[in-house]
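A.B. asks: Okay, here's the structure, questions in a sec.
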Amino acid sequence: MMAKRQNIVSLSLFLLAVAALCGFLVSSVHGKTSPLIAKMEADAILAGYTEVYPGMDKVRAASYDGQKQNIKNIQLVEKNGRTVGVIYNAASVGYAGEIDLLAGFDIASGRITGVKIMKQSETPGLGANCTAPKFTGQFAAKNAADSLTVVKLPGGEGNEIQAITASTITSRAVVSAVNTAREHFAATYAVK
C-alpha cells in the first residue's frame with residue numbers, strides 16, 4: 001500500500017514538472033512570436049487601407065463617438081497633405097460569425113472607393129467567397145448617398161449588389177456593414 005502511494009506521489013510530481021516545463025515553453029514561444037504577429041496584423045491593415053483607397057499617402061485616426069456599434073474605428077485618408085477620404089472598419093454578423101471589413105469613401109465624389117473583407121469565418125466555398133474580388137468589386141464607385149441593396153439576379157444597377165450564390169445571409173451581412181459605414185459617412189463627411 002505504501003509503495004502505491006509513493007508511486008502516485010512520484011508520478012504526480014513528474015507530471016507537475018512536465019506541465020510546468022510545457023507552460024514555460026509555451027509562454028516563451030508566445031513572448032517571442034507576439035511582436036511578429038502584431039506586425040503582420042498591422043501590415044495587413046495597412047495593405048487593406050491601400051486596397052480600399054488606392055493612391056493614398058497616409059491615414060490618421062478620426063475621433064469617433066461609438067454611437068453605431070458596428071463601426072469599430074474610422075481613419076481619415078490624406079493625399080498631398082489634404083483629407084480626401086474616409087476608411088471605416090465595420091463589422092456585421094454573417095452566417096457563421098462576425099465579418100470584419102474595411103470600406104473606403106471619397107469625400108469629393110461621395111462614392112465608395114472599395115471594400116475589403118479583413119476577417120470572416122463563413123462556410124468555405126460558399127459564404128467565404130465574400131472575400132473574392134467578384135463580390136467586393138461590386139461596391140466600387142457606388143453612390144454613398146443611396147442605400148445599398150442585395151439582389152439575387154445579375155443587375156448591378158444603381159446601388160444593387162448581387163448576392164453570392166447560396167450565401168444570401170453573408171451577402172446581406174457585408175452590405176449591412178457597408179451601409180452602416182455609408183450612412184455615417186453621408187451624415188458626417190460627404191460634401192453636401
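The chains in the C-alpha cells are called A, B, ... from first to last as shown; in each chain the residues are counted from 1, and the ligands are counted from 1 in the order shown.
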I want to know what sits within 12 Å of Ala96 of chain A, based on only C-alpha atoms, with residues of the same chain fewer than 3 positions away left out; could you give that as a CSV table (one decimal) with N, CA and C atoms, in the first residue's frame?
C.D. replies:
```csv
chain,number,residue,atom,x,y,z
A,92,SER,N,-20.3,43.1,-39.1
A,92,SER,CA,-21.7,42.6,-39.1
A,92,SER,C,-21.7,41.1,-38.9
A,93,VAL,N,-22.7,40.5,-38.4
A,93,VAL,CA,-22.8,39.1,-38.1
A,93,VAL,C,-23.3,38.4,-39.4
A,99,ILE,N,-18.2,39.3,-39.5
A,99,ILE,CA,-17.5,39.6,-40.7
A,99,ILE,C,-16.9,41.0,-40.5
A,119,LYS,N,-11.6,39.9,-41.9
A,119,LYS,CA,-11.8,38.6,-41.2
A,119,LYS,C,-13.2,38.1,-41.4
A,120,GLN,N,-13.3,36.8,-41.6
A,120,GLN,CA,-14.6,36.1,-41.7
A,120,GLN,C,-14.4,34.7,-41.4
A,121,SER,N,-15.5,34.0,-41.0
A,121,SER,CA,-15.5,32.6,-40.7
A,121,SER,C,-16.6,31.9,-41.4
A,122,GLU,N,-17.0,32.4,-42.5
A,122,GLU,CA,-18.1,31.9,-43.3
A,122,GLU,C,-17.8,30.5,-43.9
A,123,THR,N,-18.8,29.8,-44.4
A,123,THR,CA,-18.6,28.5,-44.9
A,123,THR,C,-17.7,28.5,-46.2
A,124,PRO,N,-16.6,27.7,-46.1
A,124,PRO,CA,-15.7,27.6,-47.3
A,124,PRO,C,-16.5,27.2,-48.5
A,126,LEU,N,-18.7,28.8,-50.0
A,126,LEU,CA,-20.0,29.5,-50.1
A,126,LEU,C,-19.8,30.9,-49.6
A,127,GLY,N,-20.1,31.1,-48.4
A,127,GLY,CA,-20.0,32.5,-47.8
A,127,GLY,C,-18.6,33.0,-47.8
A,128,ALA,N,-17.6,32.1,-47.7
A,128,ALA,CA,-16.2,32.6,-47.7
A,128,ALA,C,-15.9,33.3,-49.0
A,167,SER,N,-25.5,32.2,-50.7
A,167,SER,CA,-24.9,32.8,-49.5
A,167,SER,C,-25.6,34.2,-49.3
A,169,ILE,N,-27.3,35.3,-46.7
A,169,ILE,CA,-27.1,35.8,-45.3
A,169,ILE,C,-25.7,36.5,-45.3
A,170,THR,N,-24.7,35.9,-45.8
A,170,THR,CA,-23.4,36.5,-45.8
A,170,THR,C,-23.4,37.8,-46.6
A,173,ALA,N,-25.0,40.5,-44.7
A,173,ALA,CA,-24.2,41.0,-43.6
A,173,ALA,C,-23.2,42.0,-44.1
```
A.B. asks: Give one line per residue of segment 128-150 of chain A that approaches segment 158-161 of chain A to at most 7 Å, naming the two atoms of the closest pair and their distance in Å to one decimal, counting only C-alpha atoms; sort by chain then ascending residue number and deliver it as CSV.
C.D. replies:
```
residue,atom,partner,partner_atom,distance
A:Gln138,CA,A:Ile161,CA,6.3
A:Lys142,CA,A:Asn159,CA,6.0
A:Asp146,CA,A:Asn159,CA,6.9
A:Ser147,CA,A:Asn159,CA,6.8
A:Leu148,CA,A:Asn159,CA,4.9
A:Thr149,CA,A:Glu160,CA,5.0
A:Val150,CA,A:Ile161,CA,4.9
```
A.B. asks: Could you save the residues just selected, with C-alpha atoms, as a PDB file, in the first residue's frame?
C.D. replies:
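Contents of the output file selection15.pdb:
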```pdb
ATOM      1  CA  GLN A 138     -19.285  45.495 -56.946  1.00  0.00           C
ATOM      2  CA  LYS A 142     -21.435  53.175 -55.779  1.00  0.00           C
ATOM      3  CA  ASP A 146     -28.065  55.903 -51.520  1.00  0.00           C
ATOM      4  CA  SER A 147     -28.666  52.708 -49.540  1.00  0.00           C
ATOM      5  CA  LEU A 148     -27.168  49.523 -50.956  1.00  0.00           C
ATOM      6  CA  THR A 149     -29.483  46.581 -51.552  1.00  0.00           C
ATOM      7  CA  VAL A 150     -28.823  42.879 -52.138  1.00  0.00           C
TER       8      VAL A 150
END
```
A.B. asks: Please extract the residues of chain A with a backbone DSSP assignment of helix (DSSP H, G or I) and present them as a ChimeraX atom specification.
C.D. replies: /A:2-52,127-131,133-139,168-188
A.B. asks: Within 12 Å of segment 42-58 of chain A, counting only C-alpha atoms, which residues qualify if same-chain residues fewer than 4 places away don't, as a PyMOL selection string?
C.D. replies: chain A and resi 35-38+74-89+100-107+111-119+133+136-137+139-141
A.B. asks: Among segment 39-140 of chain A, which residues carry a DSSP assignment of strand (DSSP E or B), reported as a PyMOL selection string?
C.D. replies: chain A and resi 58-61+71-79+82-93+98-106+111-119
A.B. asks: A:Thr188, A:Asn129, A:Asn7, A:Ser27: which is nearest Ala166 of chain A, counting only C-alpha atoms?
C.D. replies: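 That would be A:Asn129, the residue with the smallest distance to Ala166 of chain A.
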A.B. asks: Show me, as a PyMOL selection string, the residues that have an atom within 6 Å of segment 174-183 of chain A when counting only C-alpha atoms, minus same-chain residues fewer than 5 positions from it.
C.D. replies: chain A and resi 90-92+144
A.B. asks: Quote the spacing between atom CA of Ser10 of chain A and atom CA of Val29 of chain A in Å to one decimal place.
C.D. replies: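 That distance, rounded to one decimal, is 28.7 Å.
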A.B. asks: Work out how far atom CA of Ala145 of chain A is from atom CA of Ser171 of chain A, in Å to one decimal.
C.D. replies: 20.1 Å
A.B. asks: Please, what distance in Å, to one decimal, runs between atom CA of Thr168 of chain A and atom CA of Cys130 of chain A?
C.D. replies: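 Straight-line distance from atom CA of Thr168 of chain A to atom CA of Cys130 of chain A works out to 10.5 Å.
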